[in-house]
Amino acid sequence: MTAGTPALNVGSGALARFGSSTPVVKLAAGAVLLLVWELGVRAWAPAYVARPSGVVAVLPSVITSGAFLSAAAATLGSVLEGLAIALVLGIAVGIAMGRSFVVDRLIRYYVFGLFAMPMVAILPLITLWFGYTDAARLATTVFAAFFSIVLNAADGARAVPPEYLEVGRSFRAARLRVLGDIVLPASMPYLLAGIRLAAARALIGAVVAEFFISVNGLGFFILFNSRSFRHNQAMVAVMVLAGCGVGFEALVNWVTRRYFPWYRRDEKAR
Amino acid sequence: MRGRRPTRTLGWLITGAGLAAGAALWEIAGRRMGAAFVAPLSDTIEALTPAVWRALASSLGLFAAGFALSVAVGVPFGLLLARVRLLRIALENYIAILNATPMAALIPFILSMMGFDFAPKVLVVFLFAVFPILYNTVEGARSIRPELIEVARSFRSSERALWRDVLLPFVLPFALTGIRQAIGRALVGMVAAEFFLSASGIGMILQSASQSFDTATIFAAILLVTLLGVLLMELGLWIERRYAAWRNIQ
């Protein structure tokens, strides 16, 4: 690294002032990245390869087409449904693990093992059990999301400050109410970290499931269009998927900052 | 935890009982529901043929190639971003976006552009794994308080000392977190690449077994991949704890 690198010139000179107008820097960098992509494709890649100008050109016709809209609705619906199922089941199992030593010891290796299992590997089994149907995709998203919610809910339930529980006990709160009114809210930040990860995994799960079982959805839309060399159209679907990934992450981060400002995010996310 | 603290031995006894109960359930479920639907544990273990082990070794080669590439690119580039503030500000949002993008969606593009070689599969593993490394390294860079660098500057710290005393201690733990997350993603990328690009390794075993309804081999392949996943993730956790113990102090 030579002189002139701006990192150390904090608060001195024109470079620092330029560096502090961050939106300009970010936008300029984005423009450069798009330009590199565009020119790179034009110079070296075949004509069918996606490039920014091509994506922009097909964007209006793709996002108004019925095929695309129904694909997007199918994928996102399945991801949300899978997340909801995984959330309800995952919280129940996770809190049981976090609050009960016996439950934790009984199932921890299975939970951790299934969490570590690459979800693509289970696709042949899921199609064997559910056939080549929407249900198979839903099962994949549930499977992908469930275990990260369990692990984080368990971490959260374990980390509840003992004083909270003592107060509950002094007021003779019933065991279920302690779980619902003390343990669950207190472990929310962990749970949110788990949901953030679960959403990302469910999205990948839905896409690979669609590749494998060929049901209507964004993954299949991408597969179909890229096979017929319409990469620009397929790239629109990738952008929608990326938007969902980013949007969900931003939503969870916002909720965490807004309602649990004392919690440093990322600390415990698996 | 209510009551007296359960002992370590008791914990291990319960764990052992849990593992045994799970294995028994698996065996019973397989026998009850039919071996084509759920292969019993005994059939699964029988299906762990040398061919499946060889497939695992071949998959591991792909994993190693893609993962090594993502570390070799991700860590130096991440450190560069930590050092050059302007570059970090310029790129951090794009790295976050790519980190949140399901990279699996790019597999069909890679297939139609690069075909069925080994290289596109390595690229898939690389794409799955590199962004968590970059993303976390950038987070580490953001955690460095500017005053620290200013102080280092005012004391005319050399470039070397700056790296040793300020940049690396802050960035390394985050980079290791990224590497740990990358292990999990690279595993998914490995199986996905072998599944959707040219079939090889565990992916090929899974494909051919599912076409011939050989449930026992499917289970055996999944079992091996899962054990591999657990092993690699534990390794990642161990490395993170061993070399990044100071992160939580801050």
# chains A, B, ... in the order shown; residues from 1 in each chain; ligands from 1
call {"tool": "residues_around", "arguments": {"residues": "Pro76 of chain B", "least_positions_apart": "5", "cutoff": "12 Å", "atoms": "only C-alpha atoms", "output": "PyMOL selection string"}}
result
chain B and resi 69-71+81-83+130+133-134+137-138+168+171-172+175
call {"tool": "write_last_selection", "arguments": {"atoms": "C-alpha atoms", "output": "PDB file, in the first residue's frame"}}
result
ATOM      1  CA  LEU B  69     -10.367 -20.114  -4.045  1.00  0.00           C
ATOM      2  CA  SER B  70     -12.980 -18.154  -2.119  1.00  0.00           C
ATOM      3  CA  VAL B  71     -10.649 -17.777   0.881  1.00  0.00           C
ATOM      4  CA  LEU B  81     -11.297  -3.031   1.668  1.00  0.00           C
ATOM      5  CA  ALA B  82     -10.454  -2.699   5.358  1.00  0.00           C
ATOM      6  CA  ARG B  83      -7.371  -0.652   4.530  1.00  0.00           C
ATOM      7  CA  VAL B 130     -16.914 -15.826  -1.184  1.00  0.00           C
ATOM      8  CA  ILE B 133     -16.187 -13.858   3.763  1.00  0.00           C
ATOM      9  CA  LEU B 134     -16.199 -10.432   2.115  1.00  0.00           C
ATOM     10  CA  THR B 137     -14.561  -8.772   6.670  1.00  0.00           C
ATOM     11  CA  VAL B 138     -16.164  -5.474   5.704  1.00  0.00           C
ATOM     12  CA  LEU B 168      -5.675  -7.430  11.818  1.00  0.00           C
ATOM     13  CA  VAL B 171     -10.690  -7.635  11.075  1.00  0.00           C
ATOM     14  CA  LEU B 172      -9.427 -11.176  11.607  1.00  0.00           C
ATOM     15  CA  ALA B 175     -13.026 -12.763   8.655  1.00  0.00           C
TER      16      ALA B 175
END
call {"tool": "closest_residue", "arguments": {"among": "A:Val150, A:Ile204, A:Leu218, A:Leu191", "to": "chain B", "atoms": "only C-alpha atoms"}}
result
A:Ile204
call {"tool": "closest_residue", "arguments": {"among": "A:Lys26, A:Arg158, A:Arg230, A:Arg42", "to": "chain B", "atoms": "only C-alpha atoms"}}
result
A:Lys26
call {"tool": "atom_distance", "arguments": {"atom1": "atom CA of Ala86 of chain A", "atom2": "atom CA of Ala73 of chain A"}}
result
19.5 Å
call {"tool": "select_by_dssp", "arguments": {"residues": "segment 59-189 of chain A", "states": "alpha helix (DSSP H)", "output": "ChimeraX atom specification"}}
result
/A:59-63,66-99,101-116,123-130,134-158,162-170,175-177,184-186,188-189
call {"tool": "residues_around", "arguments": {"residues": "Ala96 of chain A", "least_positions_apart": "5", "cutoff": "9 Å", "atoms": "only C-alpha atoms", "output": "list in words"}}
result
Ile91, Phe101, Val103, Asp104, Ala154 and Ala157 of chain A
call {"tool": "closest_residue", "arguments": {"among": "A:Leu138, A:Leu197, A:Ala159, A:Ala153", "to": "Leu80 of chain A", "atoms": "only C-alpha atoms"}}
result
A:Leu138
call {"tool": "atom_distance", "arguments": {"atom1": "atom CA of Ala145 of chain A", "atom2": "atom CA of Ala202 of chain A"}}
result
5.3 Å
call {"tool": "closest_residue", "arguments": {"among": "A:Pro23, A:Pro52, A:Gly156, A:Pro118", "to": "chain B", "atoms": "only C-alpha atoms"}}
result
A:Pro118
call {"tool": "atom_distance", "arguments": {"atom1": "atom CA of Val102 of chain A", "atom2": "atom CA of Gly11 of chain B"}}
result
7.6 Å
call {"tool": "residues_around", "arguments": {"residues": "Ala29 of chain B", "least_positions_apart": "5", "cutoff": "12 Å", "atoms": "only C-alpha atoms", "output": "ChimeraX atom specification"}}
result
/B:21-24,34-42
call {"tool": "write_last_selection", "arguments": {"atoms": "N, CA and C atoms", "output": "CSV table (one decimal), in the first residue's frame"}}
result
chain,number,residue,atom,x,y,z
B,21,ALA,N,-32.2,-43.6,20.7
B,21,ALA,CA,-33.6,-43.6,20.4
B,21,ALA,C,-33.8,-43.2,18.9
B,22,GLY,N,-33.1,-42.2,18.5
B,22,GLY,CA,-33.2,-41.7,17.1
B,22,GLY,C,-32.9,-42.8,16.1
B,23,ALA,N,-31.8,-43.6,16.4
B,23,ALA,CA,-31.4,-44.7,15.5
B,23,ALA,C,-32.5,-45.7,15.5
B,24,ALA,N,-33.1,-46.0,16.7
B,24,ALA,CA,-34.1,-47.1,16.8
B,24,ALA,C,-35.3,-46.6,16.0
B,34,GLY,N,-41.8,-49.3,4.8
B,34,GLY,CA,-41.3,-49.9,3.6
B,34,GLY,C,-39.9,-49.3,3.2
B,35,ALA,N,-39.0,-50.1,2.8
B,35,ALA,CA,-37.6,-49.7,2.6
B,35,ALA,C,-37.5,-48.8,1.3
B,36,ALA,N,-38.5,-48.7,0.5
B,36,ALA,CA,-38.5,-47.8,-0.7
B,36,ALA,C,-38.8,-46.4,-0.2
B,37,PHE,N,-39.4,-46.3,0.9
B,37,PHE,CA,-39.9,-45.0,1.4
B,37,PHE,C,-38.9,-44.4,2.3
B,38,VAL,N,-38.6,-45.2,3.4
B,38,VAL,CA,-37.5,-44.8,4.3
B,38,VAL,C,-36.6,-46.0,4.5
B,39,ALA,N,-35.4,-45.9,4.1
B,39,ALA,CA,-34.5,-47.0,4.2
B,39,ALA,C,-34.1,-47.1,5.7
B,40,PRO,N,-34.3,-48.3,6.3
B,40,PRO,CA,-33.9,-48.5,7.7
B,40,PRO,C,-32.4,-48.2,7.9
B,41,LEU,N,-32.0,-47.9,9.1
B,41,LEU,CA,-30.6,-47.6,9.4
B,41,LEU,C,-29.7,-48.7,8.9
B,42,SER,N,-30.1,-50.0,9.2
B,42,SER,CA,-29.2,-51.1,8.8
B,42,SER,C,-29.0,-51.2,7.3
call {"tool": "residues_around", "arguments": {"residues": "segment 167-170 of chain A", "least_positions_apart": "2", "cutoff": "12 Å", "atoms": "only C-alpha atoms", "output": "list in words"}}
result
Pro161, Pro162, Glu163, Tyr164, Leu165, Arg172, Ala173, Ala174, Arg175, Leu176, Arg177, Val178, Leu179, Gly180, Asp181, Ile182 and Val183 of chain A; Arg2 of chain B
call {"tool": "residues_around", "arguments": {"residues": "segment 216-223 of chain B", "least_positions_apart": "4", "cutoff": "6 Å", "atoms": "only C-alpha atoms", "output": "PyMOL selection string"}}
result
chain B and resi 39+43-44+47-48+206+209
call {"tool": "write_last_selection", "arguments": {"atoms": "C-alpha atoms", "output": "PDB file, in the first residue's frame"}}
result
ATOM      1  CA  ALA B  39     -34.466 -47.017   4.229  1.00  0.00           C
ATOM      2  CA  ASP B  43     -29.862 -50.908   5.075  1.00  0.00           C
ATOM      3  CA  THR B  44     -28.349 -47.435   5.003  1.00  0.00           C
ATOM      4  CA  ALA B  47     -25.362 -49.126   1.347  1.00  0.00           C
ATOM      5  CA  LEU B  48     -22.192 -47.296   2.420  1.00  0.00           C
ATOM      6  CA  LEU B 206     -27.864 -39.075  -5.341  1.00  0.00           C
ATOM      7  CA  ALA B 209     -29.932 -43.612  -6.811  1.00  0.00           C
TER       8      ALA B 209
END
call {"tool": "closest_residue", "arguments": {"among": "A:Ala28, A:Met188, A:Val208, A:Ile63", "to": "Tyr259 of chain A", "atoms": "only C-alpha atoms"}}
result
A:Met188
call {"tool": "closest_residue", "arguments": {"among": "A:Ala121, A:Ala31, A:Trp37, A:Val25", "to": "Leu187 of chain B", "atoms": "only C-alpha atoms"}}
result
A:Ala121
call {"tool": "residues_around", "arguments": {"residues": "segment 88-94 of chain B", "least_positions_apart": "4", "cutoff": "12 Å", "atoms": "only C-alpha atoms", "output": "PyMOL selection string"}}
result
(chain A and resi 5-7+18-34+242+246+250) or (chain B and resi 77-84+98-101+131+134-142)
